[in-house]
Amino acid sequence: MSKLRVEVEPESFGFSTERLARLKPHFDSYVEDRRLAGGLATISRGGQLIWSDKGGYRDRENDLVVEDDTIWRIYSMTKPVTAVAVMMLYEQGLFDLNDPAGKWIDSLRESRVFSGGTSVAPKTVPALEPVRIHHLLTHMSGLSYGFQYIHPVDAIYRKKGYDFVFKSGVTLAEAVDDWCSSPLLFQPGRKWNYSVAFDVLGRLIELWSGQPLDVFLKERIFDPLEMGDTEWWCPPEKADRLAMLYVPVNREAVAYEPLAKAYLHPPSLLSGGGGLLSTAYDYHRFMGLLLGGGELDGVRLLSNRTVDLMTQNHLPGDVDLESIATDSFSESTYAGEGFGLGMSVMIDRRKNKSMCTEGSFAWGGAASTAFWVDPLEDLTVAFYTQLVPSGTYPIRRDLRQLVYQALVD
């Protein structure tokens with residue numbers, strides 16, 4: 001029996017079956033004209049799965065269709081998982097959110113900030129304040145990603161071997177030292193820039209807990225939540241369930257096997273920012289934990305007060321991302337969205353021009369996966385496919401529009 005089996009009538013949970021029927025043809029059209037190979041979506045209310053649908057192929061070239069147990073690369077949807085792990089250790093009193101990360105990461109003890117020059121000959125000034133734990137959780141640390149190709153610091157990361165794919169054989173500790181010994185883009189806390197901050201947090205989890213990141217997450221999150229398919233790589237016995245990875249070429253999804261096959265082997269670097277594989281069922285469990293204020297089916301991982309803190313806007317002055325973000329890539333729109341500890345937060349749906357409720361929180365992954373949790377509507381929604389980059393099509397806004405129009409109670 002499928003773990004994603006829907007056993008209720010949508011009307012019992014405030015949804016119109018007739019209106020929900022609009023989702024399938026919309027997303028089927030992406031598959032029919034080959035923009036996507038396939039996909040799967042879930043909608044839950046009150047922790048109860050009320051709608052799920054799938055279509056197309058997990059591996060179109062080998063004629064393998066999407067199944068309920070298809071394994072997806074969730075990339076940056078790893079970040080909220082890492083944030084939960086961080087806050088579990090916060091609840092143990094192992095650090096304060098205002099603590100300088102340099103207490104544990106040597107290369108962050110005397111940070112320098114880029115002030116001019118080039119990637120080859122950068123000019124820097126001292127950081128006016130240290131990179132704090134809350135700066136990492138909110139992407140306000142001044143760290144970056146090499147794949148953004150926007151700033152000279154991005155080029156410095158690439159020179160050290162960190163583009164969309166990180167250099168071969170590097171460990172998490174080595175990578176953190178490479179990034180944190182590079183100049184920061186800006187003074188900590190002054191701007192928002194998408195970055196490797198959650199990989200740095202993954203290393204901090206190891207230092208705080210005394211366990212490797214994969215062991216900590218398995219023992220403290222995945223096993224308690226029964227997320228049995230959420231892992232850092234795909235073992236041979238599950239390889240036929242792993243979806244192919246695609247890139248757009250002339251509006252057609254084309255298989256990209258070199259990057260796809262990388263997940264068939266254990267990684268040298270455990271990426272807390274983007275390294276996990278998961279299934280729709282497993283991430284449904286994780287979203288249920290967040291919707292439940294840190295508790296799911298009698299298993300409590302966080303206090304509801306902690307989840308409330310995580311899902312409020314932490315940007316200075318309660319501004320949205322449009323007001324404070326650099327021109328960096330993001331897995332979210334900027335207008336009307338703030339940022340909490342590990343995920344975006346809707347703060348003004350009028351400015352965002354969407355029906356998504358204020359207080360909803362969300363994030364997505366590089367292969368066009370996405371999720372959001374709406375506490376006011378008691379709702380969790382997720383979408384899975386495997387197309388890089390995630391901004392190729394407006395899938396996430398499409399999904400929000402179609403989900404909320406079907407909610408009629």
# chains A, B, ... in the order shown; residues from 1 in each chain; ligands from 1

call {"tool": "residues_around", "arguments": {"residues": "region 2-19 of chain A", "least_positions_apart": "6", "cutoff": "6 Å", "atoms": "only C-alpha atoms", "output": "list in words"}}
result
Leu49, Ile50, Ala406, Leu407, Val408 and Asp409 of chain A

call {"tool": "select_by_dssp", "arguments": {"residues": "region 147-310 of chain A", "states": "alpha helix (DSSP H)", "output": "PDB file with C-alpha atoms, in the first residue's frame"}}
result
ATOM      1  CA  PRO A 152      34.233  39.047  -7.175  1.00  0.00           C
ATOM      2  CA  VAL A 153      33.902  36.972  -3.987  1.00  0.00           C
ATOM      3  CA  ASP A 154      31.877  34.417  -5.960  1.00  0.00           C
ATOM      4  CA  ALA A 155      34.867  34.158  -8.296  1.00  0.00           C
ATOM      5  CA  ILE A 156      37.163  33.618  -5.316  1.00  0.00           C
ATOM      6  CA  TYR A 157      35.002  30.652  -4.312  1.00  0.00           C
ATOM      7  CA  ARG A 158      35.213  29.273  -7.853  1.00  0.00           C
ATOM      8  CA  LYS A 159      39.001  29.639  -7.881  1.00  0.00           C
ATOM      9  CA  LEU A 172      33.047  19.578   5.100  1.00  0.00           C
ATOM     10  CA  ALA A 173      35.672  20.920   7.519  1.00  0.00           C
ATOM     11  CA  GLU A 174      38.046  21.735   4.647  1.00  0.00           C
ATOM     12  CA  ALA A 175      35.338  23.427   2.596  1.00  0.00           C
ATOM     13  CA  VAL A 176      34.204  25.543   5.551  1.00  0.00           C
ATOM     14  CA  ASP A 177      37.765  26.755   6.014  1.00  0.00           C
ATOM     15  CA  ASP A 178      38.003  27.584   2.288  1.00  0.00           C
ATOM     16  CA  TRP A 179      34.803  29.650   2.362  1.00  0.00           C
ATOM     17  CA  CYS A 180      35.304  31.348   5.700  1.00  0.00           C
ATOM     18  CA  ALA A 197      25.906  29.420   5.400  1.00  0.00           C
ATOM     19  CA  PHE A 198      23.922  26.231   5.979  1.00  0.00           C
ATOM     20  CA  ASP A 199      26.923  24.121   5.055  1.00  0.00           C
ATOM     21  CA  VAL A 200      28.829  26.054   7.722  1.00  0.00           C
ATOM     22  CA  LEU A 201      25.954  25.337  10.115  1.00  0.00           C
ATOM     23  CA  GLY A 202      26.264  21.654   9.217  1.00  0.00           C
ATOM     24  CA  ARG A 203      29.858  21.769  10.407  1.00  0.00           C
ATOM     25  CA  LEU A 204      28.795  23.568  13.579  1.00  0.00           C
ATOM     26  CA  ILE A 205      26.260  20.793  14.228  1.00  0.00           C
ATOM     27  CA  GLU A 206      29.154  18.337  14.124  1.00  0.00           C
ATOM     28  CA  LEU A 207      31.227  20.425  16.531  1.00  0.00           C
ATOM     29  CA  TRP A 208      28.359  21.051  18.960  1.00  0.00           C
ATOM     30  CA  SER A 209      27.044  17.480  18.960  1.00  0.00           C
ATOM     31  CA  LEU A 213      26.293  15.400  10.402  1.00  0.00           C
ATOM     32  CA  ASP A 214      24.768  12.309   8.777  1.00  0.00           C
ATOM     33  CA  VAL A 215      24.721  10.406  12.073  1.00  0.00           C
ATOM     34  CA  PHE A 216      23.163  13.293  13.984  1.00  0.00           C
ATOM     35  CA  LEU A 217      20.387  13.873  11.450  1.00  0.00           C
ATOM     36  CA  GLU A 257      23.629  12.102 -16.421  1.00  0.00           C
ATOM     37  CA  PRO A 258      27.047  13.188 -15.047  1.00  0.00           C
ATOM     38  CA  LEU A 259      25.510  15.173 -12.200  1.00  0.00           C
ATOM     39  CA  ALA A 260      22.671  12.679 -11.750  1.00  0.00           C
ATOM     40  CA  LYS A 261      25.043   9.760 -11.227  1.00  0.00           C
ATOM     41  CA  ALA A 280       7.345  12.884  -0.996  1.00  0.00           C
ATOM     42  CA  TYR A 281       6.276  10.780   1.986  1.00  0.00           C
ATOM     43  CA  ASP A 282       9.384  11.573   4.011  1.00  0.00           C
ATOM     44  CA  TYR A 283       9.184  15.312   3.413  1.00  0.00           C
ATOM     45  CA  HIS A 284       5.459  15.179   4.142  1.00  0.00           C
ATOM     46  CA  ARG A 285       6.499  13.918   7.581  1.00  0.00           C
ATOM     47  CA  PHE A 286       9.005  16.738   7.980  1.00  0.00           C
ATOM     48  CA  MET A 287       6.449  19.387   6.982  1.00  0.00           C
ATOM     49  CA  GLY A 288       4.034  17.798   9.454  1.00  0.00           C
ATOM     50  CA  LEU A 289       6.594  18.344  12.207  1.00  0.00           C
ATOM     51  CA  LEU A 290       6.795  22.047  11.372  1.00  0.00           C
ATOM     52  CA  LEU A 291       3.029  22.410  11.074  1.00  0.00           C
ATOM     53  CA  ASN A 304       6.431  25.099  19.647  1.00  0.00           C
ATOM     54  CA  ARG A 305       8.000  28.340  20.907  1.00  0.00           C
ATOM     55  CA  THR A 306      11.169  27.515  18.996  1.00  0.00           C
ATOM     56  CA  VAL A 307       9.287  26.804  15.764  1.00  0.00           C
ATOM     57  CA  ASP A 308       7.414  30.081  16.241  1.00  0.00           C
ATOM     58  CA  LEU A 309      10.742  31.932  16.546  1.00  0.00           C
ATOM     59  CA  MET A 310      12.107  30.177  13.436  1.00  0.00           C
TER      60      MET A 310
END

call {"tool": "select_by_dssp", "arguments": {"residues": "region 62-138 of chain A", "states": "strand (DSSP E or B)", "output": "ChimeraX atom specification"}}
result
/A:64-65,71-73,100,112-117,122-126,132

call {"tool": "residues_around", "arguments": {"residues": "region 26-38 of chain A", "least_positions_apart": "3", "cutoff": "7 Å", "atoms": "only C-alpha atoms", "output": "number ranges by chain"}}
result
A: 22-23, 55-58, 60, 66, 251-253, 385, 387

call {"tool": "closest_residue", "arguments": {"among": "A:Pro224, A:Ser360, A:Ala366, A:Gln92", "to": "Gly298 (chain A)", "atoms": "only C-alpha atoms"}}
result
A:Pro224

call {"tool": "residues_around", "arguments": {"residues": "Ser332 (chain A)", "least_positions_apart": "6", "cutoff": "8 Å", "atoms": "only C-alpha atoms", "output": "JSON, numbers by chain"}}
result
{"A": [344, 363, 364]}

call {"tool": "closest_residue", "arguments": {"among": "A:Ser168, A:Gln187, A:Thr78, A:Asn98", "to": "Phe114 (chain A)", "atoms": "only C-alpha atoms"}}
result
A:Gln187

call {"tool": "closest_residue", "arguments": {"among": "A:Phe329, A:Phe186, A:Tyr404, A:Tyr149", "to": "Ser354 (chain A)", "atoms": "only C-alpha atoms"}}
result
A:Tyr404

call {"tool": "closest_residue", "arguments": {"among": "A:Gly102, A:Gly275, A:Gly93, A:Pro183", "to": "Pro122 (chain A)", "atoms": "only C-alpha atoms"}}
result
A:Pro183

call {"tool": "closest_residue", "arguments": {"among": "A:Lys351, A:Lys238, A:Arg300, A:Lys160", "to": "Val319 (chain A)", "atoms": "only C-alpha atoms"}}
result
A:Lys351

call {"tool": "atom_distance", "arguments": {"atom1": "CA of Ser141 (chain A)", "atom2": "CA of Glu322 (chain A)"}}
result
17.4 Å

call {"tool": "atom_distance", "arguments": {"atom1": "CA of Gln211 (chain A)", "atom2": "CA of Trp72 (chain A)"}}
result
25.7 Å

call {"tool": "residues_around", "arguments": {"residues": "Leu379 (chain A)", "least_positions_apart": "3", "cutoff": "6 Å", "atoms": "only C-alpha atoms", "output": "ChimeraX atom specification"}}
result
/A:44-45,373-374

call {"tool": "decode", "arguments": {"residues": "region 164-293 of chain A", "atoms": "C-alpha atoms", "output": "short mmCIF file (atom, residue, chain, number, x, y, z; two decimals), in the first residue's frame"}}
result
data_model
loop_
_atom_site.label_atom_id
_atom_site.label_comp_id
_atom_site.auth_asym_id
_atom_site.auth_seq_id
_atom_site.Cartn_x
_atom_site.Cartn_y
_atom_site.Cartn_z
CA PHE A 164 27.43 24.53 -8.38
CA VAL A 165 29.42 21.34 -7.80
CA PHE A 166 32.08 21.41 -5.08
CA LYS A 167 35.61 20.22 -5.73
CA SER A 168 36.16 16.47 -5.56
CA GLY A 169 37.28 14.82 -2.35
CA VAL A 170 36.93 17.86 -0.10
CA THR A 171 35.57 17.32 3.42
CA LEU A 172 33.05 19.58 5.10
CA ALA A 173 35.67 20.92 7.52
CA GLU A 174 38.05 21.73 4.65
CA ALA A 175 35.34 23.43 2.60
CA VAL A 176 34.20 25.54 5.55
CA ASP A 177 37.77 26.76 6.01
CA ASP A 178 38.00 27.58 2.29
CA TRP A 179 34.80 29.65 2.36
CA CYS A 180 35.30 31.35 5.70
CA SER A 181 38.87 32.38 4.94
CA SER A 182 37.57 34.22 1.85
CA PRO A 183 36.38 37.84 2.14
CA LEU A 184 32.78 38.45 3.13
CA LEU A 185 30.56 40.25 0.60
CA PHE A 186 29.36 42.78 3.16
CA GLN A 187 29.42 43.63 6.84
CA PRO A 188 27.59 40.87 8.76
CA GLY A 189 23.93 41.66 9.36
CA ARG A 190 23.74 44.47 6.77
CA LYS A 191 22.36 42.60 3.72
CA TRP A 192 20.91 39.27 2.62
CA ASN A 193 22.80 36.99 0.22
CA TYR A 194 22.10 33.34 -0.55
CA SER A 195 25.11 31.34 0.52
CA VAL A 196 26.94 28.33 1.89
CA ALA A 197 25.91 29.42 5.40
CA PHE A 198 23.92 26.23 5.98
CA ASP A 199 26.92 24.12 5.05
CA VAL A 200 28.83 26.05 7.72
CA LEU A 201 25.95 25.34 10.11
CA GLY A 202 26.26 21.65 9.22
CA ARG A 203 29.86 21.77 10.41
CA LEU A 204 28.80 23.57 13.58
CA ILE A 205 26.26 20.79 14.23
CA GLU A 206 29.15 18.34 14.12
CA LEU A 207 31.23 20.43 16.53
CA TRP A 208 28.36 21.05 18.96
CA SER A 209 27.04 17.48 18.96
CA GLY A 210 30.31 15.56 18.64
CA GLN A 211 28.75 13.49 15.83
CA PRO A 212 29.13 13.48 12.04
CA LEU A 213 26.29 15.40 10.40
CA ASP A 214 24.77 12.31 8.78
CA VAL A 215 24.72 10.41 12.07
CA PHE A 216 23.16 13.29 13.98
CA LEU A 217 20.39 13.87 11.45
CA LYS A 218 19.59 10.16 11.18
CA GLU A 219 19.49 9.54 14.92
CA ARG A 220 17.81 12.77 15.97
CA ILE A 221 15.46 13.59 13.06
CA PHE A 222 15.06 10.93 10.36
CA ASP A 223 14.64 7.86 12.57
CA PRO A 224 12.24 9.52 15.05
CA LEU A 225 10.11 10.88 12.18
CA GLU A 226 10.26 7.59 10.24
CA MET A 227 11.91 9.29 7.26
CA GLY A 228 13.52 6.08 6.06
CA ASP A 229 14.38 7.23 2.54
CA THR A 230 16.03 10.55 3.40
CA GLU A 231 19.74 10.06 2.90
CA TRP A 232 22.92 11.66 1.54
CA TRP A 233 23.27 9.27 -1.37
CA CYS A 234 21.30 6.53 -3.09
CA PRO A 235 22.44 2.99 -2.23
CA PRO A 236 22.37 0.32 -4.97
CA GLU A 237 19.19 -1.34 -3.70
CA LYS A 238 17.28 1.93 -4.22
CA ALA A 239 18.98 3.12 -7.40
CA ASP A 240 16.04 2.26 -9.66
CA ARG A 241 13.85 4.65 -7.62
CA LEU A 242 16.17 7.65 -8.05
CA ALA A 243 14.89 10.18 -10.58
CA MET A 244 17.04 11.35 -13.45
CA LEU A 245 18.23 14.97 -13.34
CA TYR A 246 17.32 17.30 -16.22
CA VAL A 247 18.37 20.66 -17.63
CA PRO A 248 16.39 22.84 -20.07
CA VAL A 249 17.56 22.95 -23.67
CA ASN A 250 15.30 24.93 -26.02
CA ARG A 251 12.38 24.50 -23.57
CA GLU A 252 12.84 20.74 -23.39
CA ALA A 253 14.06 18.85 -20.32
CA VAL A 254 17.22 16.99 -21.32
CA ALA A 255 18.84 14.36 -19.10
CA TYR A 256 22.08 15.41 -17.41
CA GLU A 257 23.63 12.10 -16.42
CA PRO A 258 27.05 13.19 -15.05
CA LEU A 259 25.51 15.17 -12.20
CA ALA A 260 22.67 12.68 -11.75
CA LYS A 261 25.04 9.76 -11.23
CA ALA A 262 27.04 11.59 -8.57
CA TYR A 263 24.34 10.67 -6.04
CA LEU A 264 24.96 6.94 -6.51
CA HIS A 265 28.11 7.21 -4.38
CA PRO A 266 28.68 8.46 -0.82
CA PRO A 267 29.81 12.11 -0.83
CA SER A 268 33.05 13.26 0.77
CA LEU A 269 31.25 16.46 1.87
CA LEU A 270 27.95 16.27 3.74
CA SER A 271 26.17 19.42 2.57
CA GLY A 272 23.78 20.84 5.14
CA GLY A 273 22.83 23.37 2.48
CA GLY A 274 21.87 21.02 -0.32
CA GLY A 275 22.96 17.41 0.01
CA LEU A 276 19.86 15.35 0.82
CA LEU A 277 17.75 12.94 -1.17
CA SER A 278 14.18 12.35 -0.02
CA THR A 279 10.72 11.16 -1.02
CA ALA A 280 7.34 12.88 -1.00
CA TYR A 281 6.28 10.78 1.99
CA ASP A 282 9.38 11.57 4.01
CA TYR A 283 9.18 15.31 3.41
CA HIS A 284 5.46 15.18 4.14
CA ARG A 285 6.50 13.92 7.58
CA PHE A 286 9.00 16.74 7.98
CA MET A 287 6.45 19.39 6.98
CA GLY A 288 4.03 17.80 9.45
CA LEU A 289 6.59 18.34 12.21
CA LEU A 290 6.80 22.05 11.37
CA LEU A 291 3.03 22.41 11.07
CA GLY A 292 2.68 20.65 14.43
CA GLY A 293 4.93 23.16 16.17
#
